[in-house]
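Report on one structure; see the data block that follows.
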Amino acid sequence: MNTNKKNVDLSVICDDHWDVVFDHLGLGFWELSIATGILRSTRSFKENFGYPPDGVLSYETVLGLILPEDLDHVQDEIELTVTKEKKSYDVLYRIRRPDGKIRWIKADGILSQKEGESLKLIGTTLDVTDFKQSSS
């Protein structure tokens with residue numbers, strides 16, 4: 001029996017499968033640079049907001065999709081997290097997708113700052129509309 005096994009970097013294998021898993025779950029990941037306002041996101045995040053996976057979705061566009069009656073609360077929660085008055089961002093709000101459909105989004109986030117990098121807010125989104133409707 002040969003006990004000399006090659007070390008295999010499973011992260012390469014796993015990275016190729018994350019999108020499949022997240023798409024199946026509907027879990028979107030996002031990263032917002034506090035300094036620049038630049039939003040980076042996964043295709044699942046874009047799909048939660050009604051955008052195609054290869055579409056460009058800016059932070060301003062996301063804010064514009066949030067229903068006006070929910071927007072102040074969302075922005076307050078972001079501000080409390082960025083100023084470190086809260087440890088994390090956790091909010092439930094409604095959006096109007098480009099196709100006109102109203103959807104409920106659950107978003108979570110935390111502050112992150114790796115050495116040498118600018119401050120970022122990173123987190124997840126999940127379309128919880130079906131859960132909200134079944135619990136009503």
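Convention: chains lettered A, B, ... in structure tokens order; per-chain residue numbering from 1; ligands numbered from 1 as shown.
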For Ser88 of chain A, work out the shell of residues within 12 Å, counting only C-alpha atoms and skipping chain neighbours fewer than 2 positions away, then give it as a short mmCIF file (atom, residue, chain, number, x, y, z; two decimals) with N, CA and C atoms, in the first residue's frame.
data_model
loop_
_atom_site.label_atom_id
_atom_site.label_comp_id
_atom_site.auth_asym_id
_atom_site.auth_seq_id
_atom_site.Cartn_x
_atom_site.Cartn_y
_atom_site.Cartn_z
N GLU A 77 -29.60 51.07 9.25
CA GLU A 77 -28.92 49.85 9.69
C GLU A 77 -27.50 49.78 9.14
N ILE A 78 -27.33 50.18 7.88
CA ILE A 78 -25.99 50.20 7.30
C ILE A 78 -25.12 51.19 8.06
N GLU A 79 -25.64 52.38 8.31
CA GLU A 79 -24.87 53.42 9.01
C GLU A 79 -24.48 52.97 10.42
N LEU A 80 -25.39 52.33 11.13
CA LEU A 80 -25.09 51.85 12.48
C LEU A 80 -24.00 50.79 12.47
N THR A 81 -23.96 49.99 11.42
CA THR A 81 -22.92 48.97 11.29
C THR A 81 -21.58 49.60 10.92
N VAL A 82 -21.60 50.52 9.98
CA VAL A 82 -20.36 51.17 9.53
C VAL A 82 -19.73 51.98 10.67
N THR A 83 -20.56 52.62 11.48
CA THR A 83 -20.03 53.41 12.61
C THR A 83 -19.75 52.54 13.83
N LYS A 84 -19.96 51.25 13.68
CA LYS A 84 -19.69 50.25 14.72
C LYS A 84 -20.57 50.40 15.96
N GLU A 85 -21.73 51.05 15.79
CA GLU A 85 -22.71 51.10 16.87
C GLU A 85 -23.43 49.76 16.98
N LYS A 86 -23.43 49.01 15.88
CA LYS A 86 -23.94 47.64 15.86
C LYS A 86 -22.84 46.75 15.32
N ASP A 90 -28.37 43.53 9.79
CA ASP A 90 -29.37 42.48 9.68
C ASP A 90 -30.71 43.15 9.44
N VAL A 91 -31.22 43.05 8.22
CA VAL A 91 -32.44 43.79 7.89
C VAL A 91 -33.30 43.01 6.89
N ALA A 107 -31.19 40.64 4.33
CA ALA A 107 -29.77 40.94 4.11
C ALA A 107 -29.04 40.97 5.44
N ASP A 108 -27.85 40.42 5.44
CA ASP A 108 -26.99 40.39 6.61
C ASP A 108 -25.60 40.85 6.18
N GLY A 109 -24.87 41.47 7.12
CA GLY A 109 -23.52 41.88 6.78
C GLY A 109 -22.70 42.23 8.01
N ILE A 110 -21.39 42.23 7.81
CA ILE A 110 -20.45 42.62 8.86
C ILE A 110 -19.36 43.49 8.23
N LEU A 111 -18.67 44.23 9.07
CA LEU A 111 -17.52 45.00 8.61
C LEU A 111 -16.32 44.10 8.48
N SER A 112 -15.50 44.37 7.48
CA SER A 112 -14.28 43.59 7.27
C SER A 112 -13.18 44.54 6.81
N LEU A 121 -18.02 46.41 3.84
CA LEU A 121 -19.18 45.76 4.43
C LEU A 121 -19.43 44.56 3.54
N ILE A 122 -19.43 43.36 4.13
CA ILE A 122 -19.64 42.14 3.35
C ILE A 122 -20.83 41.38 3.92
N GLY A 123 -21.54 40.67 3.06
CA GLY A 123 -22.68 39.94 3.58
C GLY A 123 -23.40 39.10 2.56
N THR A 124 -24.63 38.75 2.92
CA THR A 124 -25.46 37.88 2.10
C THR A 124 -26.84 38.48 1.91
#
If you take only C-alpha atoms and a cut-off of 12 Å, which residues of segment 82-129 of chain A touch segment 43-57 of chain A, and what are their nearest atom pairs and distances in Å to one decimal, in chain and number order, as a Markdown table?
| residue | atom | partner | partner_atom | distance |
| --- | --- | --- | --- | --- |
| A:Tyr93 | CA | A:Phe49 | CA | 11.9 |
| A:Arg94 | CA | A:Phe49 | CA | 10.3 |
| A:Ile95 | CA | A:Phe49 | CA | 7.6 |
| A:Arg96 | CA | A:Phe49 | CA | 8.2 |
| A:Arg97 | CA | A:Gly50 | CA | 5.3 |
| A:Pro98 | CA | A:Gly50 | CA | 6.3 |
| A:Asp99 | CA | A:Gly50 | CA | 7.3 |
| A:Gly100 | CA | A:Gly50 | CA | 9.4 |
| A:Lys101 | CA | A:Gly50 | CA | 8.8 |
| A:Ile102 | CA | A:Phe49 | CA | 9.9 |
| A:Arg103 | CA | A:Phe49 | CA | 8.4 |
| A:Trp104 | CA | A:Asn48 | CA | 9.4 |
| A:Ile105 | CA | A:Asn48 | CA | 7.8 |
| A:Lys106 | CA | A:Asn48 | CA | 10.2 |
| A:Ala107 | CA | A:Phe45 | CA | 10.3 |
| A:Gly123 | CA | A:Phe45 | CA | 10.2 |
| A:Thr124 | CA | A:Phe45 | CA | 7.8 |
| A:Thr125 | CA | A:Phe45 | CA | 6.4 |
| A:Leu126 | CA | A:Asn48 | CA | 6.8 |
| A:Asp127 | CA | A:Asn48 | CA | 5.8 |
| A:Val128 | CA | A:Asn48 | CA | 9.6 |
| A:Thr129 | CA | A:Asn48 | CA | 10.4 |
Write down as an NGL selection string the residues belonging to segment 72-129 of chain A that are assigned helix (DSSP H, G or I) by DSSP computed on the backbone.
:A and (72-82 or 129)
Suppose we keep N, CA and C atoms; can you now write the selection as a PDB file, in the first residue's frame?
ATOM      1  N   ASP A  72     -35.247  54.126   4.390  1.00  0.00           N
ATOM      2  CA  ASP A  72     -34.623  54.794   5.544  1.00  0.00           C
ATOM      3  C   ASP A  72     -34.122  53.780   6.569  1.00  0.00           C
ATOM      4  N   HIS A  73     -34.924  52.755   6.834  1.00  0.00           N
ATOM      5  CA  HIS A  73     -34.536  51.724   7.796  1.00  0.00           C
ATOM      6  C   HIS A  73     -33.276  50.993   7.332  1.00  0.00           C
ATOM      7  N   VAL A  74     -33.219  50.641   6.045  1.00  0.00           N
ATOM      8  CA  VAL A  74     -32.053  49.951   5.492  1.00  0.00           C
ATOM      9  C   VAL A  74     -30.812  50.825   5.635  1.00  0.00           C
ATOM     10  N   GLN A  75     -30.912  52.090   5.242  1.00  0.00           N
ATOM     11  CA  GLN A  75     -29.758  52.987   5.321  1.00  0.00           C
ATOM     12  C   GLN A  75     -29.335  53.234   6.766  1.00  0.00           C
ATOM     13  N   ASP A  76     -30.302  53.315   7.685  1.00  0.00           N
ATOM     14  CA  ASP A  76     -29.965  53.469   9.109  1.00  0.00           C
ATOM     15  C   ASP A  76     -29.181  52.270   9.620  1.00  0.00           C
ATOM     16  N   GLU A  77     -29.598  51.070   9.246  1.00  0.00           N
ATOM     17  CA  GLU A  77     -28.919  49.854   9.692  1.00  0.00           C
ATOM     18  C   GLU A  77     -27.496  49.784   9.139  1.00  0.00           C
ATOM     19  N   ILE A  78     -27.327  50.177   7.885  1.00  0.00           N
ATOM     20  CA  ILE A  78     -25.991  50.204   7.298  1.00  0.00           C
ATOM     21  C   ILE A  78     -25.116  51.194   8.059  1.00  0.00           C
ATOM     22  N   GLU A  79     -25.641  52.381   8.307  1.00  0.00           N
ATOM     23  CA  GLU A  79     -24.873  53.419   9.011  1.00  0.00           C
ATOM     24  C   GLU A  79     -24.483  52.968  10.419  1.00  0.00           C
ATOM     25  N   LEU A  80     -25.394  52.334  11.135  1.00  0.00           N
ATOM     26  CA  LEU A  80     -25.089  51.848  12.482  1.00  0.00           C
ATOM     27  C   LEU A  80     -23.996  50.787  12.470  1.00  0.00           C
ATOM     28  N   THR A  81     -23.956  49.989  11.415  1.00  0.00           N
ATOM     29  CA  THR A  81     -22.920  48.966  11.292  1.00  0.00           C
ATOM     30  C   THR A  81     -21.582  49.600  10.922  1.00  0.00           C
ATOM     31  N   VAL A  82     -21.599  50.517   9.976  1.00  0.00           N
ATOM     32  CA  VAL A  82     -20.364  51.166   9.534  1.00  0.00           C
ATOM     33  C   VAL A  82     -19.730  51.976  10.665  1.00  0.00           C
ATOM     34  N   THR A 129     -39.378  35.951   0.064  1.00  0.00           N
ATOM     35  CA  THR A 129     -40.777  36.233  -0.260  1.00  0.00           C
ATOM     36  C   THR A 129     -41.672  35.027  -0.025  1.00  0.00           C
TER      37      THR A 129
END
DSSP-assigned strand (DSSP E or B) among segment 41-94 of chain A, expressed as a tab-separated table (two decimals) with N, CA, C and O atoms, in the first residue's frame:
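File states-v6.tsv, as written:
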chain	number	residue	atom	x	y	z
A	41	SER	N	-20.67	41.67	-6.35
A	41	SER	CA	-21.67	40.69	-5.94
A	41	SER	C	-21.64	39.45	-6.80
A	41	SER	O	-21.13	39.46	-7.92
A	66	ILE	N	-35.14	49.39	-3.54
A	66	ILE	CA	-35.79	49.24	-2.23
A	66	ILE	C	-37.00	50.16	-2.17
A	66	ILE	O	-36.91	51.34	-2.55
A	89	TYR	N	-25.04	43.97	10.40
A	89	TYR	CA	-26.16	44.50	9.63
A	89	TYR	C	-27.12	43.33	9.42
A	89	TYR	O	-26.74	42.27	8.94
A	90	ASP	N	-28.37	43.53	9.79
A	90	ASP	CA	-29.37	42.48	9.68
A	90	ASP	C	-30.71	43.15	9.44
A	90	ASP	O	-31.24	43.79	10.34
A	91	VAL	N	-31.22	43.05	8.22
A	91	VAL	CA	-32.44	43.79	7.89
A	91	VAL	C	-33.30	43.01	6.89
A	91	VAL	O	-32.79	42.22	6.09
A	92	LEU	N	-34.58	43.24	6.98
A	92	LEU	CA	-35.57	42.65	6.09
A	92	LEU	C	-36.28	43.80	5.40
A	92	LEU	O	-36.74	44.73	6.06
A	93	TYR	N	-36.33	43.77	4.06
A	93	TYR	CA	-36.94	44.88	3.34
A	93	TYR	C	-37.54	44.39	2.03
A	93	TYR	O	-37.28	43.28	1.58
A	94	ARG	N	-38.34	45.27	1.42
A	94	ARG	CA	-38.99	44.95	0.16
A	94	ARG	C	-38.30	45.70	-0.99
A	94	ARG	O	-37.85	46.83	-0.81
Could you check how far atom CA of Gly28 of chain A sits from atom CA of Leu119 of chain A, in Å to one decimal?
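Atom CA of Leu119 of chain A lies at a distance of 20.2 Å from atom CA of Gly28 of chain A.
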Extract, using only C-alpha atoms, all DNA, RNA and protein residues at most 10 Å from Glu60 of chain A, discarding same-chain residues fewer than 5 positions from it, and format them as a list in words.
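Close residues of Glu60 of chain A: Gly37, Ile38, Leu39 and Leu65 of chain A.
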Output all heavy atoms of each residue in that selection to a file, as a PDB file, in the first residue's frame.
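The new file selection.pdb reads:
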ATOM      1  N   GLY A  37     -17.799  53.113  -2.441  1.00  0.00           N
ATOM      2  CA  GLY A  37     -19.194  52.811  -2.751  1.00  0.00           C
ATOM      3  C   GLY A  37     -19.352  51.766  -3.838  1.00  0.00           C
ATOM      4  O   GLY A  37     -20.448  51.531  -4.333  1.00  0.00           O
ATOM      5  N   ILE A  38     -18.248  51.105  -4.200  1.00  0.00           N
ATOM      6  CA  ILE A  38     -18.301  50.083  -5.244  1.00  0.00           C
ATOM      7  C   ILE A  38     -18.840  48.779  -4.659  1.00  0.00           C
ATOM      8  O   ILE A  38     -18.369  48.302  -3.628  1.00  0.00           O
ATOM      9  CB  ILE A  38     -16.918  49.861  -5.884  1.00  0.00           C
ATOM     10  CG1 ILE A  38     -16.494  51.118  -6.647  1.00  0.00           C
ATOM     11  CG2 ILE A  38     -16.928  48.635  -6.796  1.00  0.00           C
ATOM     12  CD1 ILE A  38     -15.092  51.065  -7.194  1.00  0.00           C
ATOM     13  N   LEU A  39     -19.842  48.237  -5.323  1.00  0.00           N
ATOM     14  CA  LEU A  39     -20.483  46.991  -4.915  1.00  0.00           C
ATOM     15  C   LEU A  39     -20.007  45.868  -5.821  1.00  0.00           C
ATOM     16  O   LEU A  39     -20.063  45.980  -7.046  1.00  0.00           O
ATOM     17  CB  LEU A  39     -22.005  47.126  -5.028  1.00  0.00           C
ATOM     18  CG  LEU A  39     -22.834  45.881  -4.728  1.00  0.00           C
ATOM     19  CD1 LEU A  39     -22.766  45.548  -3.233  1.00  0.00           C
ATOM     20  CD2 LEU A  39     -24.271  46.083  -5.161  1.00  0.00           C
ATOM     21  N   LEU A  65     -33.944  50.161  -5.874  1.00  0.00           N
ATOM     22  CA  LEU A  65     -34.936  49.083  -5.947  1.00  0.00           C
ATOM     23  C   LEU A  65     -35.702  48.905  -4.638  1.00  0.00           C
ATOM     24  O   LEU A  65     -36.794  48.334  -4.625  1.00  0.00           O
ATOM     25  CB  LEU A  65     -34.241  47.768  -6.316  1.00  0.00           C
ATOM     26  CG  LEU A  65     -33.596  47.705  -7.690  1.00  0.00           C
ATOM     27  CD1 LEU A  65     -32.790  46.414  -7.844  1.00  0.00           C
ATOM     28  CD2 LEU A  65     -34.629  47.830  -8.802  1.00  0.00           C
TER      29      LEU A  65
END
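Counting from atom CA of Tyr59 of chain A, the distance to atom CA of Trp30 of chain A is 10.1 Å.
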Take atom CA of Glu115 of chain A and atom CA of Thr61 of chain A and report the distance between them in Å, one decimal.
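Between atom CA of Glu115 of chain A and atom CA of Thr61 of chain A the gap works out to 29.5 Å.
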